[in-house]
$ cat entry-v8.txt   # compact mmCIF, C-alpha atoms
# COMPACT_ATOMS: atom_id res chain seq x y z
CA MET A 1 -10.41 -21.52 -13.74
CA ILE A 2 -8.93 -18.51 -15.52
CA THR A 3 -5.17 -17.93 -15.65
CA PHE A 4 -3.02 -14.78 -15.72
CA GLU A 5 -2.13 -15.56 -19.35
CA GLU A 6 -5.82 -15.63 -20.24
CA LEU A 7 -6.19 -12.19 -18.67
CA GLY A 8 -3.54 -10.92 -21.09
CA ILE A 9 -0.50 -10.82 -18.79
CA SER A 10 2.83 -11.21 -20.61
CA LYS A 11 4.99 -14.30 -20.25
CA GLU A 12 7.80 -12.34 -18.53
CA ILE A 13 5.45 -11.20 -15.78
CA VAL A 14 3.81 -14.63 -15.50
CA LEU A 15 7.26 -16.16 -14.91
CA ALA A 16 7.78 -13.77 -12.01
CA LEU A 17 4.35 -14.63 -10.63
CA VAL A 18 5.21 -18.33 -10.76
CA ASP A 19 8.37 -17.61 -8.78
CA LEU A 20 6.22 -15.83 -6.18
CA GLY A 21 3.80 -18.76 -5.99
CA PHE A 22 0.88 -16.93 -7.63
CA GLU A 23 -1.12 -19.61 -9.46
CA VAL A 24 -4.50 -18.09 -10.33
CA PRO A 25 -5.83 -14.52 -10.23
CA MET A 26 -7.84 -13.29 -7.26
CA PRO A 27 -11.33 -11.82 -7.89
CA VAL A 28 -10.20 -8.18 -7.92
CA GLN A 29 -7.44 -9.09 -10.38
CA GLU A 30 -9.87 -10.90 -12.69
CA LYS A 31 -12.03 -7.79 -12.85
CA VAL A 32 -9.41 -5.01 -12.97
CA ILE A 33 -6.63 -6.42 -15.18
CA PRO A 34 -8.64 -6.80 -18.42
CA LEU A 35 -10.00 -3.26 -18.01
CA LEU A 36 -6.55 -1.75 -17.56
CA LEU A 37 -5.09 -3.72 -20.48
CA GLY A 38 -7.93 -2.56 -22.72
CA GLU A 39 -8.95 0.98 -23.57
CA LYS A 40 -8.09 3.81 -21.18
CA THR A 41 -10.47 3.45 -18.25
CA ASP A 42 -10.93 5.16 -14.90
CA ILE A 43 -11.67 2.68 -12.10
CA VAL A 44 -12.97 2.91 -8.55
CA ALA A 45 -12.27 -0.36 -6.74
CA LEU A 46 -13.52 -1.01 -3.23
CA ALA A 47 -11.44 -3.79 -1.74
CA GLN A 48 -9.91 -4.65 1.62
CA THR A 49 -6.21 -5.12 2.28
CA GLY A 50 -5.15 -8.64 1.34
CA THR A 51 -7.48 -8.99 -1.65
CA GLY A 52 -4.66 -8.70 -4.21
CA LYS A 53 -5.21 -5.13 -5.35
CA THR A 54 -1.50 -4.28 -5.73
CA ALA A 55 -1.16 -6.93 -8.43
CA ALA A 56 -4.54 -5.91 -9.88
CA TYR A 57 -3.22 -2.50 -10.88
CA GLY A 58 0.50 -3.26 -10.76
CA LEU A 59 0.67 -6.00 -13.40
CA PRO A 60 -1.03 -3.94 -16.16
CA LEU A 61 1.01 -0.84 -15.25
CA ILE A 62 4.26 -2.78 -15.56
CA GLN A 63 3.20 -4.37 -18.84
CA GLN A 64 2.39 -1.00 -20.39
CA ILE A 65 5.62 0.76 -19.42
CA ASP A 66 7.89 1.96 -22.22
CA THR A 67 11.33 1.05 -20.86
CA ASP A 68 13.02 3.26 -23.47
CA ASN A 69 11.43 6.29 -21.79
CA GLN A 70 13.27 7.15 -18.57
CA LEU A 71 10.59 9.52 -17.21
CA PRO A 72 7.81 8.46 -14.79
CA GLN A 73 4.84 6.97 -16.66
CA ALA A 74 2.88 5.64 -13.68
CA LEU A 75 2.36 7.29 -10.29
CA ILE A 76 1.05 5.44 -7.24
CA LEU A 77 0.07 7.48 -4.17
CA CYS A 78 -0.34 5.83 -0.76
CA PRO A 79 -0.65 7.07 2.83
CA THR A 80 2.36 5.68 4.70
CA ARG A 81 6.06 5.02 4.30
CA GLU A 82 5.71 1.32 5.09
CA LEU A 83 3.02 0.82 2.47
CA CYS A 84 5.05 2.81 -0.05
CA VAL A 85 8.05 0.51 0.43
CA GLN A 86 5.85 -2.60 0.35
CA ILE A 87 4.15 -1.64 -2.93
CA ALA A 88 7.46 -0.76 -4.59
CA GLY A 89 8.89 -4.09 -3.46
CA ASP A 90 5.93 -5.99 -4.87
CA LEU A 91 6.20 -4.18 -8.22
CA ASN A 92 9.91 -4.96 -8.42
CA ASP A 93 9.10 -8.63 -7.78
CA PHE A 94 6.48 -8.60 -10.57
CA ALA A 95 8.98 -6.94 -12.95
CA LYS A 96 11.81 -9.36 -12.15
CA TYR A 97 12.27 -10.50 -15.77
CA ILE A 98 11.75 -7.11 -17.44
CA ASP A 99 15.00 -5.31 -18.23
CA ASP A 100 15.46 -1.58 -17.67
CA LEU A 101 12.24 -1.08 -15.71
CA HIS A 102 12.82 0.96 -12.57
CA VAL A 103 10.47 1.50 -9.62
CA LEU A 104 11.22 4.19 -7.03
CA PRO A 105 9.62 4.51 -3.57
CA VAL A 106 9.42 8.17 -2.56
CA TYR A 107 8.62 8.94 1.09
CA GLY A 108 9.53 11.24 3.94
CA GLY A 109 12.24 10.33 6.40
CA SER A 110 14.63 9.16 3.67
CA SER A 111 17.35 11.02 1.79
CA TYR A 112 16.30 13.62 -0.77
CA ASP A 113 19.65 13.19 -2.54
CA VAL A 114 19.19 9.44 -3.03
CA GLN A 115 15.70 9.91 -4.47
CA ILE A 116 16.71 12.82 -6.71
CA LYS A 117 19.73 10.91 -8.08
CA ALA A 118 17.50 7.90 -8.84
CA LEU A 119 15.05 10.16 -10.70
CA LYS A 120 17.91 11.59 -12.75
CA ARG A 121 19.10 8.09 -13.69
CA GLY A 122 15.63 7.17 -14.89
CA VAL A 123 12.48 5.85 -13.20
CA GLN A 124 9.28 4.70 -14.93
CA ILE A 125 7.07 3.97 -11.88
CA VAL A 126 7.00 6.20 -8.80
CA VAL A 127 5.35 5.01 -5.58
CA ALA A 128 4.99 8.00 -3.27
CA THR A 129 3.50 9.43 -0.13
CA PRO A 130 1.86 12.76 -1.05
CA GLY A 131 3.97 14.97 1.22
CA ARG A 132 7.36 13.90 -0.11
CA LEU A 133 6.16 13.98 -3.71
CA ILE A 134 4.98 17.59 -3.26
CA ASP A 135 8.44 18.44 -1.86
CA LEU A 136 10.14 16.94 -4.93
CA MET A 137 7.74 18.82 -7.21
CA HIS A 138 8.59 22.10 -5.48
CA ARG A 139 12.30 21.32 -5.96
CA LYS A 140 11.65 20.69 -9.67
CA ALA A 141 13.24 17.27 -9.14
CA ILE A 142 10.48 15.20 -10.74
CA LYS A 143 8.73 15.54 -14.09
CA LEU A 144 5.16 14.25 -14.33
CA ARG A 145 4.39 15.23 -17.93
CA ASP A 146 4.65 11.61 -19.20
CA VAL A 147 2.46 10.07 -16.48
CA ARG A 148 -0.30 8.05 -18.13
CA SER A 149 -1.74 6.35 -15.03
CA VAL A 150 -2.31 7.57 -11.47
CA VAL A 151 -3.27 5.15 -8.69
CA LEU A 152 -4.69 6.35 -5.38
CA ASP A 153 -4.14 3.38 -3.05
CA GLU A 154 -5.85 3.40 0.37
CA ALA A 155 -7.57 6.62 -0.71
CA ASP A 156 -9.80 6.79 2.36
CA GLU A 157 -6.81 6.67 4.69
CA MET A 158 -4.93 9.36 2.74
CA LEU A 159 -7.92 11.65 3.21
CA ASN A 160 -8.18 10.75 6.90
CA MET A 161 -4.55 11.83 7.25
CA GLY A 162 -5.24 15.24 5.71
CA PHE A 163 -3.66 14.74 2.29
CA LEU A 164 -6.56 16.16 0.26
CA ASP A 165 -4.81 19.43 -0.67
CA SER A 166 -1.64 17.56 -1.63
CA ILE A 167 -3.61 15.13 -3.80
CA ASN A 168 -5.33 18.04 -5.52
CA ASP A 169 -1.97 19.74 -6.18
CA ILE A 170 -0.45 16.54 -7.55
CA LEU A 171 -3.36 15.69 -9.84
CA ALA A 172 -3.28 19.25 -11.19
CA GLU A 173 0.27 18.62 -12.47
CA VAL A 174 -0.47 15.29 -14.17
CA PRO A 175 -1.71 15.25 -17.81
CA GLU A 176 -5.50 15.31 -18.08
CA ASN A 177 -5.57 12.38 -20.52
CA ARG A 178 -4.30 9.99 -17.85
CA SER A 179 -6.14 7.01 -16.39
CA THR A 180 -7.06 7.46 -12.73
CA LEU A 181 -7.43 4.35 -10.56
CA LEU A 182 -8.83 4.73 -7.05
CA PHE A 183 -8.52 1.84 -4.59
CA SER A 184 -10.13 2.18 -1.19
CA ALA A 185 -11.36 -0.03 1.63
CA THR A 186 -14.39 2.22 2.16
CA MET A 187 -16.22 4.88 0.17
CA PRO A 188 -16.77 7.92 2.41
CA ARG A 189 -18.09 11.17 0.95
CA GLU A 190 -14.60 12.66 0.53
CA VAL A 191 -13.46 9.76 -1.63
CA ALA A 192 -16.61 10.06 -3.75
CA VAL A 193 -15.82 13.75 -4.28
CA ILE A 194 -12.34 12.92 -5.61
CA ALA A 195 -13.87 10.37 -7.96
CA LYS A 196 -16.37 12.96 -9.20
CA ASN A 197 -13.79 15.73 -9.68
CA TYR A 198 -10.95 13.79 -11.26
CA MET A 199 -12.43 10.75 -12.97
CA LYS A 200 -14.40 10.34 -16.19
CA ASN A 201 -17.23 7.81 -16.05
CA PRO A 202 -15.29 5.48 -13.74
CA VAL A 203 -16.09 1.78 -13.64
CA GLU A 204 -16.89 0.79 -10.04
CA ILE A 205 -15.73 -2.60 -8.82
CA THR A 206 -16.64 -3.92 -5.38
CA ILE A 207 -15.00 -6.98 -3.89
CA GLY A 208 -17.21 -8.18 -1.03
CA ASN A 209 -19.87 -5.90 0.40
CA ARG A 210 -19.49 -2.13 0.12
CA ASN A 211 -17.84 -0.63 3.22
CA SER A 212 -17.61 -4.08 4.87
CA GLY A 213 -14.75 -5.83 6.62
CA ALA A 214 -12.80 -8.78 5.29
CA GLU A 215 -14.81 -12.01 5.25
CA ASN A 216 -12.01 -14.30 6.37
CA ILE A 217 -11.64 -12.68 9.80
CA LYS A 218 -13.37 -13.98 12.93
CA HIS A 219 -14.36 -11.10 15.21
CA VAL A 220 -14.29 -11.57 18.99
CA TYR A 221 -14.55 -8.77 21.51
CA TYR A 222 -14.31 -8.45 25.29
CA THR A 223 -15.96 -5.68 27.31
CA VAL A 224 -13.63 -4.53 30.09
CA HIS A 225 -13.03 -1.37 32.10
CA ALA A 226 -10.34 0.93 30.72
CA ARG A 227 -8.13 0.25 33.72
CA ASP A 228 -8.30 -3.50 33.00
CA LYS A 229 -7.46 -3.44 29.27
CA TYR A 230 -3.77 -4.14 29.66
CA THR A 231 -4.44 -7.02 32.07
CA ALA A 232 -6.98 -8.47 29.62
CA LEU A 233 -4.47 -8.17 26.79
CA LYS A 234 -1.87 -10.09 28.79
CA ARG A 235 -4.38 -12.83 29.58
CA ILE A 236 -5.16 -13.27 25.89
CA VAL A 237 -1.45 -13.48 25.05
CA ASP A 238 -0.87 -15.95 27.89
CA PHE A 239 -3.80 -18.10 26.73
CA TYR A 240 -2.40 -18.14 23.17
CA PRO A 241 1.37 -18.38 23.74
CA SER A 242 2.08 -18.77 20.01
CA ILE A 243 0.04 -15.67 19.14
CA TYR A 244 1.40 -13.58 16.27
CA GLY A 245 -0.42 -10.37 15.58
CA ILE A 246 -0.94 -6.63 15.80
CA VAL A 247 -2.21 -4.67 18.79
CA PHE A 248 -3.81 -1.43 17.62
CA CYS A 249 -3.74 1.68 19.79
CA ARG A 250 -5.38 5.06 19.31
CA THR A 251 -2.34 7.33 19.83
CA ARG A 252 1.42 7.19 19.42
CA ILE A 253 1.86 7.67 23.17
CA ASP A 254 -0.47 4.74 23.95
CA THR A 255 1.37 2.61 21.40
CA GLN A 256 4.79 3.19 22.95
CA GLU A 257 3.49 2.78 26.53
CA ILE A 258 1.78 -0.54 25.79
CA ALA A 259 4.81 -1.87 23.92
CA ASP A 260 7.12 -0.82 26.78
CA LYS A 261 4.85 -2.54 29.33
CA LEU A 262 4.73 -5.75 27.30
CA ILE A 263 8.51 -5.77 26.84
CA GLY A 264 8.99 -5.04 30.56
CA ASP A 265 6.72 -7.97 31.43
CA GLY A 266 8.75 -10.34 29.27
CA TYR A 267 6.66 -10.43 26.10
CA ASN A 268 8.16 -10.32 22.60
CA ALA A 269 6.79 -6.98 21.38
CA GLU A 270 7.77 -3.84 19.46
CA ALA A 271 6.09 -0.49 18.80
CA LEU A 272 5.36 0.98 15.35
CA HIS A 273 4.30 4.62 15.12
CA GLY A 274 5.12 7.91 13.46
CA ASP A 275 7.58 9.17 16.09
CA LEU A 276 10.09 6.48 15.14
CA SER A 277 12.72 7.23 12.53
CA GLN A 278 12.44 5.56 9.15
CA VAL A 279 15.37 3.27 9.99
CA GLN A 280 13.63 2.22 13.21
CA ARG A 281 10.31 1.61 11.45
CA ASP A 282 11.97 -0.45 8.72
CA SER A 283 13.79 -2.51 11.36
CA VAL A 284 10.62 -3.18 13.36
CA MET A 285 8.65 -4.23 10.27
CA GLN A 286 11.41 -6.53 9.07
CA LYS A 287 11.61 -8.25 12.47
CA PHE A 288 7.82 -8.66 12.49
CA ARG A 289 7.77 -10.10 8.96
CA ILE A 290 10.37 -12.76 9.77
CA ARG A 291 8.63 -13.61 13.07
CA HIS A 292 11.41 -12.25 15.29
CA VAL A 293 8.73 -10.04 16.85
CA GLN A 294 5.54 -11.71 18.03
CA LEU A 295 3.37 -8.68 18.89
CA LEU A 296 3.44 -5.48 16.84
CA VAL A 297 1.89 -2.62 18.81
CA ALA A 298 0.87 0.01 16.26
CA THR A 299 -1.32 2.96 15.49
CA ASP A 300 -3.92 2.12 12.86
CA VAL A 301 -2.34 4.61 10.43
CA ALA A 302 1.12 3.05 10.76
CA ALA A 303 -0.20 -0.42 9.93
CA ARG A 304 -2.76 0.54 7.25
CA GLY A 305 -2.44 -1.58 4.13
CA LEU A 306 0.45 -3.74 5.32
CA ASP A 307 0.43 -7.28 3.99
CA VAL A 308 2.36 -9.78 6.10
CA ARG A 309 2.04 -13.20 4.51
CA LYS A 310 2.01 -16.55 6.27
CA THR A 311 5.00 -17.66 4.22
CA ASP A 312 7.22 -14.77 5.39
CA GLN A 313 9.33 -16.76 7.86

$ encode --input "entry-v8.txt" --output "structure tokens"
Amino acid sequence: MITFEELGISKEIVLALVDLGFEVPMPVQEKVIPLLLGEKTDIVALAQTGTGKTAAYGLPLIQQIDTDNQLPQALILCPTRELCVQIAGDLNDFAKYIDDLHVLPVYGGSSYDVQIKALKRGVQIVVATPGRLIDLMHRKAIKLRDVRSVVLDEADEMLNMGFLDSINDILAEVPENRSTLLFSATMPREVAVIAKNYMKNPVEITIGNRNSGAENIKHVYYTVHARDKYTALKRIVDFYPSIYGIVFCRTRIDTQEIADKLIGDGYNAEALHGDLSQVQRDSVMQKFRIRHVQLLVATDVAARGLDVRKTDQ
């Protein structure tokens, strides 16, 4: 069985991985890491959430950073604030034993001043939602001239959320001789167009079947009338009293209404959607991660890409 050292990962990063309990690379990491540590390569990787893609691109990016250069050298774009914070946290964990390497999450709903001051102090890796990054670019607060790698994480969801124009504007400001890495759960036409327009002979890597769901999930469905859905949900929760999971709703209004009903009926639930403030969203996610909340009622966009591990207790 191959190890991270055999893939070319440095001893400082491997030490951090040991601390995190990472013993052997996952399939997407085995395929992506050697490519990124080799010659400059554009990559399209189709992989579901939970397959280890953050480490697949994150470990090589960290290893290749010049810590003497205080300007951004790697840019990671993702669709939501929660995912932005999660990715930045993971990268900081991977870089635990590397001095003077700074990762900055950049997202809406947080202070411009804090982000701008951090950029002035020096940041090598920026993890950003497209909207806030465009705002910082318009304010001349961020310099992208030294960016050597751009990652589009959850690319299909960014396009679903209407970020195509922002992505185009951002990529137009990044040096052409960069590496572009596109990670997506599915490969709709719009994602293929981005790959065609901005990537040079990309290597395509597919983990599992193209456009398929995760293999380690058992799918069960119940056909009920719309008026009976909430009653059916309560019966499922009552039948599995130790249930810990996410209830997806189509709209923000539905999300809040279902969460309020569950709370009113005595269930341990919270809502997660875009109408909450960033402080509220952070608080809800933290309570869910440490199991203080049993049922997270969320829009699919709010929960896209989140990785809540079994060991987070």

$ closest_atom_pairs --input "entry-v8.txt" --of "segment 25-133 of chain A" --to "segment 152-164 of chain A" --cutoff "6 Å" --atoms "all atoms listed in the file" --output "Markdown table"
| residue | atom | partner | partner_atom | distance |
| --- | --- | --- | --- | --- |
| A:Leu77 | CA | A:Leu152 | CA | 5.0 |
| A:Cys78 | CA | A:Asp153 | CA | 5.1 |
| A:Pro79 | CA | A:Met158 | CA | 4.9 |

$ residues_around --input "entry-v8.txt" --residues "Ile76 of chain A" --least-positions-apart "2" --cutoff "9 Å" --atoms "all atoms listed in the file" --output "ChimeraX atom specification"
/A:74,78,84,87,125-129,149-153

$ residues_near_point --input "entry-v8.txt" --point "(6.1, -0.8, -2.5)" --cutoff "9 Å" --atoms "all atoms listed in the file" --output "list of chain:residue names"
A:Thr54, A:Arg81, A:Glu82, A:Leu83, A:Cys84, A:Val85, A:Gln86, A:Ile87, A:Ala88, A:Gly89, A:Asp90, A:Leu91, A:Asn92, A:Val103, A:Leu104, A:Pro105, A:Val127, A:Ala128

$ atom_distance --input "entry-v8.txt" --atom1 "atom CA of Leu7 of chain A" --atom2 "atom CA of Lys40 of chain A"
16.3 Å

$ closest_residue --input "entry-v8.txt" --among "A:Val237, A:Leu17, A:Ile290, A:Phe248" --to "Gly266 of chain A" --atoms "only C-alpha atoms"
A:Val237

$ atom_distance --input "entry-v8.txt" --atom1 "atom CA of Asp99 of chain A" --atom2 "atom CA of Ala55 of chain A"
19.0 Å

$ residues_around --input "entry-v8.txt" --residues "Val174 of chain A" --least-positions-apart "3" --cutoff "7 Å" --atoms "all atoms listed in the file" --output "PyMOL selection string"
chain A and resi 144-145+147+170-171

$ atom_distance --input "entry-v8.txt" --atom1 "atom CA of Arg235 of chain A" --atom2 "atom CA of Lys287 of chain A"
23.9 Å

$ residues_around --input "entry-v8.txt" --residues "Cys249 of chain A" --least-positions-apart "4" --cutoff "10 Å" --atoms "all atoms listed in the file" --output "list of chain:residue names"
A:Ile253, A:Asp254, A:Thr255, A:Gln256, A:Glu257, A:Ile258, A:His273, A:Val297, A:Ala298, A:Thr299, A:Asp300, A:Val301

$ closest_residue --input "entry-v8.txt" --among "A:Ala16, A:Val293, A:Ile142, A:Leu46" --to "Glu270 of chain A" --atoms "only C-alpha atoms"
A:Val293

$ axis_aligned_box --input "entry-v8.txt" --around "segment 21-30 of chain A" --padding-each-side "8 Å" --output "AutoDock Vina command-line options"
--center_x -3.8 --center_y -13.9 --center_z -9.3 --size_x 31.1 --size_y 27.4 --size_z 22.7

$ residues_around --input "entry-v8.txt" --residues "Asp135 of chain A" --least-positions-apart "6" --cutoff "10 Å" --atoms "all atoms listed in the file" --output "ChimeraX atom specification"
/A:107-108,112,141-142

$ closest_residue --input "entry-v8.txt" --among "A:Thr51, A:Ile243, A:Ile9, A:Val18" --to "Pro34 of chain A" --atoms "only C-alpha atoms"
A:Ile9

$ decode --input "entry-v8.txt" --residues "segment 42-71 of chain A" --atoms "N, CA and C atoms" --output "PDB file, in the first residue's frame"
ATOM      1  N   ASP A  42      -2.835  20.899 -15.932  1.00  0.00           N
ATOM      2  CA  ASP A  42      -4.225  21.220 -15.662  1.00  0.00           C
ATOM      3  C   ASP A  42      -4.978  19.912 -15.429  1.00  0.00           C
ATOM      4  N   ILE A  43      -5.881  19.931 -14.443  1.00  0.00           N
ATOM      5  CA  ILE A  43      -6.573  18.692 -14.052  1.00  0.00           C
ATOM      6  C   ILE A  43      -8.066  18.943 -13.910  1.00  0.00           C
ATOM      7  N   VAL A  44      -8.868  18.041 -14.446  1.00  0.00           N
ATOM      8  CA  VAL A  44     -10.298  17.985 -14.178  1.00  0.00           C
ATOM      9  C   VAL A  44     -10.543  16.712 -13.385  1.00  0.00           C
ATOM     10  N   ALA A  45     -10.996  16.865 -12.146  1.00  0.00           N
ATOM     11  CA  ALA A  45     -11.234  15.703 -11.281  1.00  0.00           C
ATOM     12  C   ALA A  45     -12.706  15.638 -10.916  1.00  0.00           C
ATOM     13  N   LEU A  46     -13.334  14.533 -11.239  1.00  0.00           N
ATOM     14  CA  LEU A  46     -14.736  14.317 -10.888  1.00  0.00           C
ATOM     15  C   LEU A  46     -14.780  13.422  -9.664  1.00  0.00           C
ATOM     16  N   ALA A  47     -15.189  14.005  -8.545  1.00  0.00           N
ATOM     17  CA  ALA A  47     -15.180  13.265  -7.285  1.00  0.00           C
ATOM     18  C   ALA A  47     -16.244  13.828  -6.358  1.00  0.00           C
ATOM     19  N   GLN A  48     -16.882  12.952  -5.600  1.00  0.00           N
ATOM     20  CA  GLN A  48     -17.905  13.362  -4.657  1.00  0.00           C
ATOM     21  C   GLN A  48     -17.269  13.950  -3.397  1.00  0.00           C
ATOM     22  N   THR A  49     -18.081  14.699  -2.641  1.00  0.00           N
ATOM     23  CA  THR A  49     -17.659  15.155  -1.326  1.00  0.00           C
ATOM     24  C   THR A  49     -17.320  13.947  -0.453  1.00  0.00           C
ATOM     25  N   GLY A  50     -16.242  14.064   0.321  1.00  0.00           N
ATOM     26  CA  GLY A  50     -15.849  12.973   1.202  1.00  0.00           C
ATOM     27  C   GLY A  50     -14.845  12.017   0.601  1.00  0.00           C
ATOM     28  N   THR A  51     -14.383  12.302  -0.630  1.00  0.00           N
ATOM     29  CA  THR A  51     -13.411  11.419  -1.274  1.00  0.00           C
ATOM     30  C   THR A  51     -11.970  11.865  -1.031  1.00  0.00           C
ATOM     31  N   GLY A  52     -11.772  12.959  -0.297  1.00  0.00           N
ATOM     32  CA  GLY A  52     -10.418  13.404   0.030  1.00  0.00           C
ATOM     33  C   GLY A  52      -9.833  14.391  -0.948  1.00  0.00           C
ATOM     34  N   LYS A  53     -10.673  15.119  -1.682  1.00  0.00           N
ATOM     35  CA  LYS A  53     -10.141  15.997  -2.723  1.00  0.00           C
ATOM     36  C   LYS A  53      -9.443  17.228  -2.160  1.00  0.00           C
ATOM     37  N   THR A  54      -9.845  17.710  -0.982  1.00  0.00           N
ATOM     38  CA  THR A  54      -9.156  18.883  -0.421  1.00  0.00           C
ATOM     39  C   THR A  54      -7.681  18.586  -0.190  1.00  0.00           C
ATOM     40  N   ALA A  55      -7.388  17.425   0.367  1.00  0.00           N
ATOM     41  CA  ALA A  55      -5.984  17.044   0.549  1.00  0.00           C
ATOM     42  C   ALA A  55      -5.316  16.754  -0.786  1.00  0.00           C
ATOM     43  N   ALA A  56      -6.087  16.258  -1.759  1.00  0.00           N
ATOM     44  CA  ALA A  56      -5.508  15.920  -3.061  1.00  0.00           C
ATOM     45  C   ALA A  56      -4.868  17.138  -3.714  1.00  0.00           C
ATOM     46  N   TYR A  57      -5.565  18.271  -3.673  1.00  0.00           N
ATOM     47  CA  TYR A  57      -4.946  19.479  -4.234  1.00  0.00           C
ATOM     48  C   TYR A  57      -4.228  20.308  -3.180  1.00  0.00           C
ATOM     49  N   GLY A  58      -4.679  20.203  -1.920  1.00  0.00           N
ATOM     50  CA  GLY A  58      -4.125  21.060  -0.879  1.00  0.00           C
ATOM     51  C   GLY A  58      -2.695  20.723  -0.493  1.00  0.00           C
ATOM     52  N   LEU A  59      -2.369  19.439  -0.385  1.00  0.00           N
ATOM     53  CA  LEU A  59      -1.018  19.045   0.033  1.00  0.00           C
ATOM     54  C   LEU A  59       0.045  19.518  -0.968  1.00  0.00           C
ATOM     55  N   PRO A  60      -0.140  19.287  -2.274  1.00  0.00           N
ATOM     56  CA  PRO A  60       0.862  19.794  -3.230  1.00  0.00           C
ATOM     57  C   PRO A  60       0.945  21.319  -3.254  1.00  0.00           C
ATOM     58  N   LEU A  61      -0.210  22.002  -3.128  1.00  0.00           N
ATOM     59  CA  LEU A  61      -0.187  23.462  -3.118  1.00  0.00           C
ATOM     60  C   LEU A  61       0.651  23.976  -1.952  1.00  0.00           C
ATOM     61  N   ILE A  62       0.426  23.413  -0.779  1.00  0.00           N
ATOM     62  CA  ILE A  62       1.179  23.837   0.410  1.00  0.00           C
ATOM     63  C   ILE A  62       2.665  23.583   0.217  1.00  0.00           C
ATOM     64  N   GLN A  63       3.003  22.415  -0.304  1.00  0.00           N
ATOM     65  CA  GLN A  63       4.410  22.042  -0.463  1.00  0.00           C
ATOM     66  C   GLN A  63       5.138  22.964  -1.440  1.00  0.00           C
ATOM     67  N   GLN A  64       4.422  23.511  -2.397  1.00  0.00           N
ATOM     68  CA  GLN A  64       5.058  24.329  -3.423  1.00  0.00           C
ATOM     69  C   GLN A  64       5.055  25.824  -3.116  1.00  0.00           C
ATOM     70  N   ILE A  65       4.510  26.201  -1.975  1.00  0.00           N
ATOM     71  CA  ILE A  65       4.470  27.622  -1.617  1.00  0.00           C
ATOM     72  C   ILE A  65       5.856  28.129  -1.251  1.00  0.00           C
ATOM     73  N   ASP A  66       6.176  29.328  -1.725  1.00  0.00           N
ATOM     74  CA  ASP A  66       7.392  30.035  -1.326  1.00  0.00           C
ATOM     75  C   ASP A  66       7.029  30.941  -0.159  1.00  0.00           C
ATOM     76  N   THR A  67       7.402  30.530   1.053  1.00  0.00           N
ATOM     77  CA  THR A  67       6.997  31.287   2.241  1.00  0.00           C
ATOM     78  C   THR A  67       7.705  32.635   2.355  1.00  0.00           C
ATOM     79  N   ASP A  68       8.765  32.850   1.572  1.00  0.00           N
ATOM     80  CA  ASP A  68       9.422  34.156   1.576  1.00  0.00           C
ATOM     81  C   ASP A  68       8.630  35.192   0.777  1.00  0.00           C
ATOM     82  N   ASN A  69       7.727  34.720  -0.075  1.00  0.00           N
ATOM     83  CA  ASN A  69       6.877  35.599  -0.877  1.00  0.00           C
ATOM     84  C   ASN A  69       5.556  35.777  -0.137  1.00  0.00           C
ATOM     85  N   GLN A  70       5.212  37.010   0.199  1.00  0.00           N
ATOM     86  CA  GLN A  70       4.020  37.270   0.999  1.00  0.00           C
ATOM     87  C   GLN A  70       2.761  37.505   0.166  1.00  0.00           C
ATOM     88  N   LEU A  71       2.856  37.362  -1.159  1.00  0.00           N
ATOM     89  CA  LEU A  71       1.689  37.545  -2.025  1.00  0.00           C
ATOM     90  C   LEU A  71       1.012  36.202  -2.294  1.00  0.00           C
TER      91      LEU A  71
END
